[in-house]
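Structure record follows, encoded as structure tokens.
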Amino acid sequence: MWLLGFVLGTILGSFAKATSDRIQEKVSFKKRSYCQSCKKTLRWYDLFPVFSFLILRGHCRFCHRKIPLGNFLAELVMGILIALVFLATLPTHLEQIFIADIPHLLLLIDLLFRCFIVTVLAIIFLTDLKLGIIPDRITYPAMIISLIYLILTTVLVSWNFYHEVVLIPFGKYLMPPYSAYLTDNIQRIVMDAAWSLGAAVISALVFFFLIVITRGRGMGWGDVKYVFLLGLALGYPNIVLAIFLAFISGAVIALLLMAFKKRHFGQTIPFGPFLSLGAFTALLFGAKIINWYITSLKIGS
Ligand SMILES: [Zn+2]
């Protein structure tokens, strides 16, 4: 199964790199894949991620100029990341996926959404690193898809809960007018979604004030919108972890760059790539990291 994830990841990696390059070169997303040197449309058999690069030994079939190594690396890294997504999301017993009920439908929706979000993280990572911008063409559609995901999963989880209560013998005594058990739990599920929305708004507001205070040095409007998107996609408390990890890794890299005299103090580095890294870690390992943190707090006190 991780192999399927890897293959899908290489395709998504190729797509993410091409999308980022097209934003830079201001080329339509609809144009077919082409060589960046001679602009010739690629043959279908040269479109296999990773393998085509290896078979062509990193050179264009037409003009024989070098294909950027970044293309190959993006495909390889995304292959590994999506393989991790598959491992972290899917059950160990594969035949379970084919059970047709709501929990397994939710699992499949989660898997698709995570692959989508990781691709968005990769596109923004590459684009912000190279151009220092986080394009609205990416964040706005991703916000809409994240919102649909949030609503869809909330409805499905609520419906599944109702369905399970109905199936219990005497289940009707858990429903109004006998008991508030069902309504309380559905209220809790809806509140979870409201928390995600709230976390997105609050995180974006925090970044907005950071920009006002620092007068736009280091961070920009793109980061505010990106953080809002991440709040919707990750929910609470994962968004807090993602931002925390982004600041830590950003500070470490900034100090290293200054130490090696690559940048001087006050010179800005784009923050989007760090948000992407923090978000990926929180998306896959958020629950584990937060659990570990809470347990270590309890031992400490
Ligand atoms: Zn070429």
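Going through the structure tokens in order, the chains are called A, B, and so on, while each chain numbers its residues from 1 and the ligands are numbered from 1 in the order shown.
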Polymer residues at most 12 Å from range 149-152 of chain A, only C-alpha atoms, same-chain spacing of 6 or more positions, as JSON, numbers by chain: {"A": [102, 105, 106, 108, 109, 110, 111, 112, 113, 114, 116, 117, 142, 143, 158, 159, 189, 190, 191, 192, 193, 194, 195, 196, 197, 229, 231, 232, 233, 234, 235]}
Would you mind exporting the chosen residues as a CSV table (one decimal), in the first residue's frame, restricted to N, CA, C and O atoms?
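Result saved to again_18.csv:
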chain,number,residue,atom,x,y,z
A,102,ILE,N,-20.1,4.0,6.6
A,102,ILE,CA,-19.7,5.4,6.7
A,102,ILE,C,-18.3,5.6,7.3
A,102,ILE,O,-17.5,6.4,6.7
A,105,LEU,N,-15.9,5.1,4.5
A,105,LEU,CA,-16.0,6.2,3.5
A,105,LEU,C,-15.2,7.4,4.1
A,105,LEU,O,-14.5,8.1,3.3
A,106,LEU,N,-15.4,7.7,5.4
A,106,LEU,CA,-14.7,8.8,6.0
A,106,LEU,C,-13.2,8.6,5.9
A,106,LEU,O,-12.4,9.6,5.7
A,108,LEU,N,-11.6,7.0,3.5
A,108,LEU,CA,-11.2,7.3,2.1
A,108,LEU,C,-11.2,8.8,1.9
A,108,LEU,O,-10.3,9.3,1.2
A,109,ILE,N,-12.2,9.5,2.4
A,109,ILE,CA,-12.2,11.0,2.2
A,109,ILE,C,-11.0,11.6,2.9
A,109,ILE,O,-10.4,12.5,2.3
A,110,ASP,N,-10.7,11.1,4.1
A,110,ASP,CA,-9.5,11.7,4.8
A,110,ASP,C,-8.2,11.5,4.0
A,110,ASP,O,-7.4,12.4,3.9
A,111,LEU,N,-8.1,10.3,3.4
A,111,LEU,CA,-6.9,10.0,2.6
A,111,LEU,C,-6.8,10.9,1.4
A,111,LEU,O,-5.7,11.5,1.2
A,112,LEU,N,-7.9,11.1,0.7
A,112,LEU,CA,-7.9,12.0,-0.5
A,112,LEU,C,-7.6,13.4,-0.1
A,112,LEU,O,-6.8,14.1,-0.7
A,113,PHE,N,-8.2,13.9,1.0
A,113,PHE,CA,-8.0,15.2,1.4
A,113,PHE,C,-6.6,15.5,1.9
A,113,PHE,O,-6.0,16.5,1.5
A,114,ARG,N,-6.0,14.5,2.6
A,114,ARG,CA,-4.6,14.7,3.0
A,114,ARG,C,-3.7,14.7,1.8
A,114,ARG,O,-2.7,15.5,1.8
A,116,PHE,N,-4.4,15.8,-1.1
A,116,PHE,CA,-4.7,17.1,-1.7
A,116,PHE,C,-3.9,18.2,-1.0
A,116,PHE,O,-3.2,19.0,-1.5
A,117,ILE,N,-4.1,18.2,0.4
A,117,ILE,CA,-3.4,19.3,1.2
A,117,ILE,C,-1.9,19.2,1.1
A,117,ILE,O,-1.2,20.2,1.0
A,142,ALA,N,-8.1,26.2,-2.5
A,142,ALA,CA,-7.8,25.2,-1.4
A,142,ALA,C,-8.7,25.5,-0.2
A,142,ALA,O,-9.1,24.6,0.5
A,143,MET,N,-9.0,26.8,0.1
A,143,MET,CA,-9.8,27.2,1.2
A,143,MET,C,-11.2,26.6,1.0
A,143,MET,O,-11.9,26.1,1.9
A,158,SER,N,-21.7,13.0,12.2
A,158,SER,CA,-23.0,13.1,12.9
A,158,SER,C,-24.0,12.0,12.5
A,158,SER,O,-24.6,11.4,13.3
A,159,TRP,N,-24.1,11.8,11.2
A,159,TRP,CA,-25.1,10.9,10.7
A,159,TRP,C,-24.7,9.5,11.1
A,159,TRP,O,-25.6,8.7,11.5
A,189,ILE,N,-19.9,17.2,18.1
A,189,ILE,CA,-19.2,17.0,16.8
A,189,ILE,C,-19.3,18.3,16.0
A,189,ILE,O,-18.3,18.7,15.3
A,190,VAL,N,-20.4,19.0,16.0
A,190,VAL,CA,-20.6,20.2,15.3
A,190,VAL,C,-19.6,21.3,15.9
A,190,VAL,O,-19.0,22.1,15.2
A,191,MET,N,-19.5,21.3,17.3
A,191,MET,CA,-18.6,22.2,17.9
A,191,MET,C,-17.2,22.0,17.5
A,191,MET,O,-16.4,23.0,17.4
A,192,ASP,N,-16.8,20.8,17.3
A,192,ASP,CA,-15.4,20.5,16.9
A,192,ASP,C,-15.1,21.2,15.5
A,192,ASP,O,-14.0,21.8,15.4
A,193,ALA,N,-16.1,21.2,14.6
A,193,ALA,CA,-15.9,21.8,13.3
A,193,ALA,C,-15.9,23.3,13.5
A,193,ALA,O,-15.1,24.0,12.9
A,194,ALA,N,-16.7,23.8,14.4
A,194,ALA,CA,-16.7,25.3,14.7
A,194,ALA,C,-15.4,25.7,15.3
A,194,ALA,O,-14.9,26.8,15.0
A,195,TRP,N,-14.8,24.8,16.1
A,195,TRP,CA,-13.5,25.1,16.7
A,195,TRP,C,-12.4,25.3,15.6
A,195,TRP,O,-11.5,26.1,15.6
A,196,SER,N,-12.5,24.4,14.6
A,196,SER,CA,-11.6,24.5,13.4
A,196,SER,C,-11.7,25.8,12.7
A,196,SER,O,-10.7,26.5,12.4
A,197,LEU,N,-12.9,26.2,12.5
A,197,LEU,CA,-13.2,27.5,11.8
A,197,LEU,C,-12.7,28.6,12.7
A,197,LEU,O,-12.0,29.6,12.2
A,229,LEU,N,-6.0,29.1,5.7
A,229,LEU,CA,-6.3,27.8,5.0
A,229,LEU,C,-5.8,26.7,5.9
A,229,LEU,O,-6.5,25.7,6.0
A,231,GLY,N,-5.6,26.5,9.1
A,231,GLY,CA,-6.5,26.4,10.2
A,231,GLY,C,-7.7,25.5,9.8
A,231,GLY,O,-8.1,24.6,10.5
A,232,LEU,N,-8.3,25.8,8.6
A,232,LEU,CA,-9.4,25.0,8.1
A,232,LEU,C,-9.0,23.6,7.9
A,232,LEU,O,-9.7,22.7,8.2
A,233,ALA,N,-7.8,23.4,7.3
A,233,ALA,CA,-7.4,22.1,6.9
A,233,ALA,C,-7.0,21.2,8.1
A,233,ALA,O,-7.3,20.0,8.1
A,234,LEU,N,-6.3,21.8,9.1
A,234,LEU,CA,-5.7,21.0,10.2
A,234,LEU,C,-6.6,21.0,11.4
A,234,LEU,O,-6.6,20.0,12.1
A,235,GLY,N,-7.4,22.0,11.6
A,235,GLY,CA,-8.3,22.1,12.8
A,235,GLY,C,-7.5,22.4,14.0
A,235,GLY,O,-6.3,22.6,14.0
Per residue of chain A within 6 Å of ligand 1, note the shortest atom pair and the distance in Å to one decimal, counting only C-alpha atoms and all ligand atoms, and order the rows by chain and increasing residue number, as a tab-separated table.
residue	atom	partner	partner_atom_place_in_ligand_line	distance
A:Cys35	CA	ligand 1	1 (Zn)	4.6
A:Ser37	CA	ligand 1	1 (Zn)	4.9
A:Cys38	CA	ligand 1	1 (Zn)	4.1
A:Cys60	CA	ligand 1	1 (Zn)	4.6
A:Phe62	CA	ligand 1	1 (Zn)	5.0
A:Cys63	CA	ligand 1	1 (Zn)	4.1
A:Arg65	CA	ligand 1	1 (Zn)	6.0
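Every residue of range 15-239 of chain A with a DSSP assignment of strand (DSSP E or B), taken from the backbone, is listed as Tyr34, Thr41, His59 and Lys66 of chain A.
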Could you tell me which of A:Leu275, A:Leu230, A:Phe260, A:Val85 comes closest to Ile248 in chain A if we count only C-alpha atoms?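 Between A:Leu275, A:Leu230, A:Phe260, A:Val85, the residue approaching Ile248 in chain A most closely is A:Leu275.
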Quick one: distance from CA of Lys130 in chain A to CA of Thr268 in chain A in Å, one decimal?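 Answer for the CA of Lys130 in chain A to CA of Thr268 in chain A separation: 13.3 Å.
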Show which residues sit within 8 Å of Ala287 in chain A, as a PyMOL selection string. Count only C-alpha atoms, and ignore same-chain residues fewer than 4 positions away. chain A and resi 238+282+291
Selected residues written out, N, CA and C atoms, as a PDB file, in the first residue's frame:
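Below you can see out.pdb, which holds the result:
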ATOM      1  N   ASN A 238      -4.185  21.120  16.057  1.00  0.00           N
ATOM      2  CA  ASN A 238      -3.048  20.896  15.144  1.00  0.00           C
ATOM      3  C   ASN A 238      -2.491  22.187  14.536  1.00  0.00           C
ATOM      4  N   ALA A 282       2.297  18.381  11.587  1.00  0.00           N
ATOM      5  CA  ALA A 282       1.094  18.400  12.423  1.00  0.00           C
ATOM      6  C   ALA A 282       0.003  17.516  11.824  1.00  0.00           C
ATOM      7  N   ASN A 291      -0.151  14.383  22.368  1.00  0.00           N
ATOM      8  CA  ASN A 291      -0.291  13.401  23.449  1.00  0.00           C
ATOM      9  C   ASN A 291       0.986  13.281  24.261  1.00  0.00           C
TER      10      ASN A 291
END
Just asking: which residues within range 163-235 of chain A are helix (DSSP H, G or I) according to DSSP, as number ranges by chain? A: 163-167, 171-174, 181-214, 221-234
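CA of Leu90 in chain A lies 8.7 Å from CA of Met1 in chain A.
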Residues within 8 Å of Leu245 in chain A, only C-alpha atoms, excluding chain neighbours under 2 positions, as a list of chain:residue names: A:Leu241, A:Ala242, A:Ile243, A:Phe247, A:Ile248, A:Ser249, A:Phe274, A:Leu275, A:Leu277, A:Gly278
Which polymer residues have any atom within 12 Å of an atom of Thr10 in chain A, counting only C-alpha atoms, with same-chain residues fewer than 4 positions away left out, as an mmCIF file with all heavy atoms, in the first residue's frame?
data_model
loop_
_atom_site.group_PDB
_atom_site.id
_atom_site.type_symbol
_atom_site.label_atom_id
_atom_site.label_comp_id
_atom_site.auth_asym_id
_atom_site.auth_seq_id
_atom_site.Cartn_x
_atom_site.Cartn_y
_atom_site.Cartn_z
ATOM 1 N N LEU A 3 3.590 1.485 -1.404
ATOM 2 C CA LEU A 3 4.135 1.599 -2.759
ATOM 3 C C LEU A 3 3.160 2.372 -3.653
ATOM 4 O O LEU A 3 3.561 3.233 -4.436
ATOM 5 C CB LEU A 3 4.387 0.197 -3.337
ATOM 6 C CG LEU A 3 5.223 0.177 -4.606
ATOM 7 C CD1 LEU A 3 6.657 0.605 -4.316
ATOM 8 C CD2 LEU A 3 5.202 -1.202 -5.232
ATOM 9 N N LEU A 4 1.855 2.076 -3.500
ATOM 10 C CA LEU A 4 0.827 2.806 -4.239
ATOM 11 C C LEU A 4 0.890 4.290 -3.861
ATOM 12 O O LEU A 4 0.807 5.167 -4.724
ATOM 13 C CB LEU A 4 -0.554 2.232 -3.895
ATOM 14 C CG LEU A 4 -1.732 2.813 -4.676
ATOM 15 C CD1 LEU A 4 -1.639 2.434 -6.135
ATOM 16 C CD2 LEU A 4 -3.045 2.329 -4.085
ATOM 17 N N GLY A 5 1.069 4.548 -2.561
ATOM 18 C CA GLY A 5 1.222 5.923 -2.085
ATOM 19 C C GLY A 5 2.427 6.597 -2.716
ATOM 20 O O GLY A 5 2.352 7.760 -3.136
ATOM 21 N N PHE A 6 3.527 5.848 -2.822
ATOM 22 C CA PHE A 6 4.753 6.409 -3.397
ATOM 23 C C PHE A 6 4.537 6.800 -4.862
ATOM 24 O O PHE A 6 4.896 7.902 -5.289
ATOM 25 C CB PHE A 6 5.914 5.418 -3.287
ATOM 26 C CG PHE A 6 7.194 5.929 -3.859
ATOM 27 C CD1 PHE A 6 8.005 6.791 -3.127
ATOM 28 C CD2 PHE A 6 7.586 5.579 -5.149
ATOM 29 C CE1 PHE A 6 9.179 7.297 -3.659
ATOM 30 C CE2 PHE A 6 8.759 6.077 -5.692
ATOM 31 C CZ PHE A 6 9.558 6.940 -4.944
ATOM 32 N N SER A 14 5.344 15.757 -9.334
ATOM 33 C CA SER A 14 5.561 16.286 -10.679
ATOM 34 C C SER A 14 4.574 17.411 -10.961
ATOM 35 O O SER A 14 4.930 18.471 -11.492
ATOM 36 C CB SER A 14 5.385 15.129 -11.681
ATOM 37 O OG SER A 14 5.289 15.616 -12.978
ATOM 38 N N PHE A 15 3.315 17.193 -10.540
ATOM 39 C CA PHE A 15 2.263 18.198 -10.710
ATOM 40 C C PHE A 15 2.572 19.459 -9.890
ATOM 41 O O PHE A 15 2.460 20.584 -10.395
ATOM 42 C CB PHE A 15 0.921 17.589 -10.267
ATOM 43 C CG PHE A 15 -0.205 18.583 -10.175
ATOM 44 C CD1 PHE A 15 -0.826 19.049 -11.320
ATOM 45 C CD2 PHE A 15 -0.635 19.044 -8.936
ATOM 46 C CE1 PHE A 15 -1.854 19.976 -11.230
ATOM 47 C CE2 PHE A 15 -1.661 19.964 -8.838
ATOM 48 C CZ PHE A 15 -2.270 20.431 -9.991
ATOM 49 N N ALA A 16 3.008 19.259 -8.633
ATOM 50 C CA ALA A 16 3.295 20.403 -7.755
ATOM 51 C C ALA A 16 4.438 21.241 -8.320
ATOM 52 O O ALA A 16 4.361 22.472 -8.358
ATOM 53 C CB ALA A 16 3.645 19.913 -6.345
ATOM 54 N N LYS A 17 5.496 20.574 -8.790
ATOM 55 C CA LYS A 17 6.655 21.287 -9.335
ATOM 56 C C LYS A 17 6.263 22.045 -10.608
ATOM 57 O O LYS A 17 6.604 23.218 -10.778
ATOM 58 C CB LYS A 17 7.779 20.282 -9.627
ATOM 59 C CG LYS A 17 9.043 20.895 -10.211
ATOM 60 C CD LYS A 17 9.746 21.776 -9.185
ATOM 61 C CE LYS A 17 11.162 22.154 -9.623
ATOM 62 N NZ LYS A 17 11.193 23.016 -10.794
ATOM 63 N N LEU A 47 6.474 11.122 -19.612
ATOM 64 C CA LEU A 47 5.749 11.787 -18.528
ATOM 65 C C LEU A 47 5.734 10.979 -17.231
ATOM 66 O O LEU A 47 5.100 11.368 -16.270
ATOM 67 C CB LEU A 47 4.302 12.065 -18.957
ATOM 68 C CG LEU A 47 4.126 13.109 -20.065
ATOM 69 C CD1 LEU A 47 2.671 13.220 -20.461
ATOM 70 C CD2 LEU A 47 4.659 14.454 -19.633
ATOM 71 N N PHE A 48 6.435 9.816 -17.205
ATOM 72 C CA PHE A 48 6.436 9.021 -15.979
ATOM 73 C C PHE A 48 7.387 9.636 -14.962
ATOM 74 O O PHE A 48 8.584 9.748 -15.232
ATOM 75 C CB PHE A 48 6.824 7.569 -16.276
ATOM 76 C CG PHE A 48 5.816 6.862 -17.126
ATOM 77 C CD1 PHE A 48 5.980 6.785 -18.506
ATOM 78 C CD2 PHE A 48 4.680 6.306 -16.557
ATOM 79 C CE1 PHE A 48 5.035 6.159 -19.304
ATOM 80 C CE2 PHE A 48 3.733 5.677 -17.342
ATOM 81 C CZ PHE A 48 3.904 5.599 -18.723
ATOM 82 N N PRO A 49 6.844 10.059 -13.813
ATOM 83 C CA PRO A 49 7.712 10.697 -12.820
ATOM 84 C C PRO A 49 8.848 9.756 -12.409
ATOM 85 O O PRO A 49 8.692 8.544 -12.464
ATOM 86 C CB PRO A 49 6.770 10.942 -11.629
ATOM 87 C CG PRO A 49 5.405 10.887 -12.192
ATOM 88 C CD PRO A 49 5.465 9.929 -13.331
ATOM 89 N N VAL A 50 9.948 10.306 -11.999
ATOM 90 C CA VAL A 50 11.140 9.597 -11.534
ATOM 91 C C VAL A 50 11.743 8.729 -12.641
ATOM 92 O O VAL A 50 12.901 8.936 -13.033
ATOM 93 C CB VAL A 50 10.872 8.751 -10.260
ATOM 94 C CG1 VAL A 50 12.138 8.024 -9.818
ATOM 95 C CG2 VAL A 50 10.380 9.642 -9.129
ATOM 96 N N PHE A 51 10.951 7.782 -13.202
ATOM 97 C CA PHE A 51 11.495 6.832 -14.178
ATOM 98 C C PHE A 51 11.948 7.524 -15.456
ATOM 99 O O PHE A 51 13.029 7.251 -15.968
ATOM 100 C CB PHE A 51 10.460 5.751 -14.513
ATOM 101 C CG PHE A 51 10.145 4.900 -13.333
ATOM 102 C CD1 PHE A 51 8.958 5.064 -12.640
ATOM 103 C CD2 PHE A 51 11.060 3.940 -12.886
ATOM 104 C CE1 PHE A 51 8.677 4.293 -11.528
ATOM 105 C CE2 PHE A 51 10.791 3.164 -11.778
ATOM 106 C CZ PHE A 51 9.588 3.337 -11.094
ATOM 107 N N SER A 52 11.105 8.442 -15.976
ATOM 108 C CA SER A 52 11.456 9.141 -17.217
ATOM 109 C C SER A 52 12.759 9.919 -17.043
ATOM 110 O O SER A 52 13.614 9.918 -17.928
ATOM 111 C CB SER A 52 10.339 10.100 -17.627
ATOM 112 O OG SER A 52 9.202 9.366 -18.012
ATOM 113 N N PHE A 53 12.914 10.525 -15.871
ATOM 114 C CA PHE A 53 14.136 11.284 -15.599
ATOM 115 C C PHE A 53 15.341 10.361 -15.638
ATOM 116 O O PHE A 53 16.372 10.681 -16.229
ATOM 117 C CB PHE A 53 14.034 11.958 -14.221
ATOM 118 C CG PHE A 53 15.189 12.858 -13.887
ATOM 119 C CD1 PHE A 53 15.160 14.204 -14.229
ATOM 120 C CD2 PHE A 53 16.318 12.350 -13.253
ATOM 121 C CE1 PHE A 53 16.229 15.043 -13.932
ATOM 122 C CE2 PHE A 53 17.394 13.183 -12.957
ATOM 123 C CZ PHE A 53 17.342 14.527 -13.297
ATOM 124 N N ASN A 71 13.088 18.944 -10.458
ATOM 125 C CA ASN A 71 11.922 18.159 -10.882
ATOM 126 C C ASN A 71 11.992 16.756 -10.297
ATOM 127 O O ASN A 71 11.031 16.242 -9.737
ATOM 128 C CB ASN A 71 11.875 18.043 -12.416
ATOM 129 C CG ASN A 71 11.542 19.359 -13.077
ATOM 130 O OD1 ASN A 71 11.593 20.399 -12.433
ATOM 131 N ND2 ASN A 71 11.211 19.317 -14.347
ATOM 132 N N PHE A 72 13.173 16.133 -10.468
ATOM 133 C CA PHE A 72 13.390 14.774 -9.978
ATOM 134 C C PHE A 72 13.252 14.719 -8.458
ATOM 135 O O PHE A 72 12.582 13.840 -7.910
ATOM 136 C CB PHE A 72 14.788 14.314 -10.418
ATOM 137 C CG PHE A 72 15.175 12.959 -9.922
ATOM 138 C CD1 PHE A 72 14.561 11.824 -10.427
ATOM 139 C CD2 PHE A 72 16.155 12.814 -8.953
ATOM 140 C CE1 PHE A 72 14.910 10.570 -9.961
ATOM 141 C CE2 PHE A 72 16.514 11.566 -8.485
ATOM 142 C CZ PHE A 72 15.890 10.438 -8.993
ATOM 143 N N LEU A 73 13.862 15.696 -7.773
ATOM 144 C CA LEU A 73 13.812 15.725 -6.304
ATOM 145 C C LEU A 73 12.387 15.920 -5.800
ATOM 146 O O LEU A 73 11.961 15.260 -4.844
ATOM 147 C CB LEU A 73 14.717 16.846 -5.760
ATOM 148 C CG LEU A 73 16.212 16.581 -5.857
ATOM 149 C CD1 LEU A 73 16.997 17.792 -5.361
ATOM 150 C CD2 LEU A 73 16.614 15.333 -5.081
ATOM 151 N N ALA A 74 11.620 16.841 -6.452
ATOM 152 C CA ALA A 74 10.237 17.088 -6.039
ATOM 153 C C ALA A 74 9.422 15.802 -6.152
ATOM 154 O O ALA A 74 8.623 15.480 -5.264
ATOM 155 C CB ALA A 74 9.618 18.200 -6.890
ATOM 156 N N GLU A 75 9.625 15.052 -7.249
ATOM 157 C CA GLU A 75 8.889 13.800 -7.452
ATOM 158 C C GLU A 75 9.257 12.780 -6.378
ATOM 159 O O GLU A 75 8.388 12.130 -5.789
ATOM 160 C CB GLU A 75 9.196 13.237 -8.845
ATOM 161 C CG GLU A 75 8.577 14.056 -9.964
ATOM 162 C CD GLU A 75 9.236 13.828 -11.325
ATOM 163 O OE1 GLU A 75 10.086 12.934 -11.442
ATOM 164 O OE2 GLU A 75 8.889 14.565 -12.257
ATOM 165 N N LEU A 76 10.567 12.667 -6.123
ATOM 166 C CA LEU A 76 11.057 11.676 -5.165
ATOM 167 C C LEU A 76 10.562 11.997 -3.741
ATOM 168 O O LEU A 76 10.031 11.134 -3.041
ATOM 169 C CB LEU A 76 12.587 11.666 -5.198
ATOM 170 C CG LEU A 76 13.271 10.447 -4.607
ATOM 171 C CD1 LEU A 76 12.905 9.197 -5.398
ATOM 172 C CD2 LEU A 76 14.789 10.641 -4.601
ATOM 173 N N VAL A 77 10.718 13.271 -3.331
ATOM 174 C CA VAL A 77 10.336 13.665 -1.967
ATOM 175 C C VAL A 77 8.827 13.506 -1.777
ATOM 176 O O VAL A 77 8.364 12.969 -0.766
ATOM 177 C CB VAL A 77 10.787 15.116 -1.664
ATOM 178 C CG1 VAL A 77 10.175 15.614 -0.351
ATOM 179 C CG2 VAL A 77 12.302 15.187 -1.592
ATOM 180 N N MET A 78 8.029 13.947 -2.784
ATOM 181 C CA MET A 78 6.572 13.819 -2.660
ATOM 182 C C MET A 78 6.163 12.348 -2.631
ATOM 183 O O MET A 78 5.196 11.979 -1.965
ATOM 184 C CB MET A 78 5.870 14.550 -3.804
ATOM 185 C CG MET A 78 5.631 16.017 -3.534
ATOM 186 S SD MET A 78 4.448 16.287 -2.192
ATOM 187 C CE MET A 78 2.904 16.017 -3.062
ATOM 188 N N GLY A 79 6.903 11.488 -3.371
ATOM 189 C CA GLY A 79 6.630 10.048 -3.310
ATOM 190 C C GLY A 79 6.755 9.549 -1.888
ATOM 191 O O GLY A 79 5.881 8.830 -1.382
ATOM 192 N N ILE A 80 7.820 9.961 -1.211
ATOM 193 C CA ILE A 80 8.051 9.532 0.175
ATOM 194 C C ILE A 80 6.966 10.110 1.096
ATOM 195 O O ILE A 80 6.406 9.397 1.930
ATOM 196 C CB ILE A 80 9.465 9.969 0.639
ATOM 197 C CG1 ILE A 80 10.519 9.227 -0.189
ATOM 198 C CG2 ILE A 80 9.654 9.700 2.131
ATOM 199 C CD1 ILE A 80 11.927 9.772 -0.054
ATOM 200 N N LEU A 81 6.630 11.406 0.909
ATOM 201 C CA LEU A 81 5.637 12.049 1.784
ATOM 202 C C LEU A 81 4.261 11.393 1.654
ATOM 203 O O LEU A 81 3.587 11.139 2.652
ATOM 204 C CB LEU A 81 5.538 13.557 1.486
ATOM 205 C CG LEU A 81 6.793 14.397 1.752
ATOM 206 C CD1 LEU A 81 6.514 15.874 1.527
ATOM 207 C CD2 LEU A 81 7.310 14.172 3.166
ATOM 208 N N ILE A 82 3.843 11.122 0.397
ATOM 209 C CA ILE A 82 2.509 10.533 0.212
ATOM 210 C C ILE A 82 2.500 9.078 0.692
ATOM 211 O O ILE A 82 1.494 8.589 1.220
ATOM 212 C CB ILE A 82 2.041 10.666 -1.259
ATOM 213 C CG1 ILE A 82 1.893 12.149 -1.641
ATOM 214 C CG2 ILE A 82 0.714 9.946 -1.490
ATOM 215 C CD1 ILE A 82 0.782 12.914 -0.928
ATOM 216 N N ALA A 83 3.630 8.379 0.558
ATOM 217 C CA ALA A 83 3.732 7.028 1.129
ATOM 218 C C ALA A 83 3.508 7.098 2.639
ATOM 219 O O ALA A 83 2.803 6.261 3.212
ATOM 220 C CB ALA A 83 5.091 6.417 0.810
ATOM 221 N N CYS A 115 -3.911 13.867 0.794
ATOM 222 C CA CYS A 115 -3.072 13.909 -0.418
ATOM 223 C C CYS A 115 -3.198 15.282 -1.080
ATOM 224 O O CYS A 115 -2.209 15.865 -1.524
ATOM 225 C CB CYS A 115 -3.482 12.817 -1.401
ATOM 226 S SG CYS A 115 -3.093 11.168 -0.812
ATOM 227 N N THR A 119 -0.171 18.185 -1.375
ATOM 228 C CA THR A 119 0.206 18.753 -2.672
ATOM 229 C C THR A 119 0.193 20.280 -2.615
ATOM 230 O O THR A 119 1.103 20.941 -3.125
ATOM 231 C CB THR A 119 -0.760 18.252 -3.779
ATOM 232 O OG1 THR A 119 -0.840 16.836 -3.681
ATOM 233 C CG2 THR A 119 -0.281 18.645 -5.158
ATOM 234 N N ALA A 122 3.180 21.486 -0.815
ATOM 235 C CA ALA A 122 4.384 21.390 -1.662
ATOM 236 C C ALA A 122 4.435 22.550 -2.661
ATOM 237 O O ALA A 122 5.495 23.165 -2.851
ATOM 238 C CB ALA A 122 4.402 20.054 -2.401
#
May I have the residues within 9 Å of Phe29 in chain A as a count of residues only, using only C-alpha atoms and disregarding those fewer than 6 positions away in the same chain? 4
Just give me the gap between CA of Phe207 in chain A and CA of Ile138 in chain A in Å, one decimal is fine.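 Separation between CA of Phe207 in chain A and CA of Ile138 in chain A: 19.0 Å.
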Go through A:Ile239, A:Ile11, A:Leu284, A:Ile168 one by one, measure the shortest atom-to-atom distance of each to Leu87 in chain A using only C-alpha atoms, and give the residue with the smallest value. A:Leu284
Do a neighbour search on Ile133 in chain A at 9 Å with only C-alpha atoms, toss out local chain neighbours closer than 5 positions, and write the hits as a list in words.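 Answer for this query is Ile124, Thr127, Asp128, Gly220, Gly222, Asp223, Pro270 and Gly272 of chain A.
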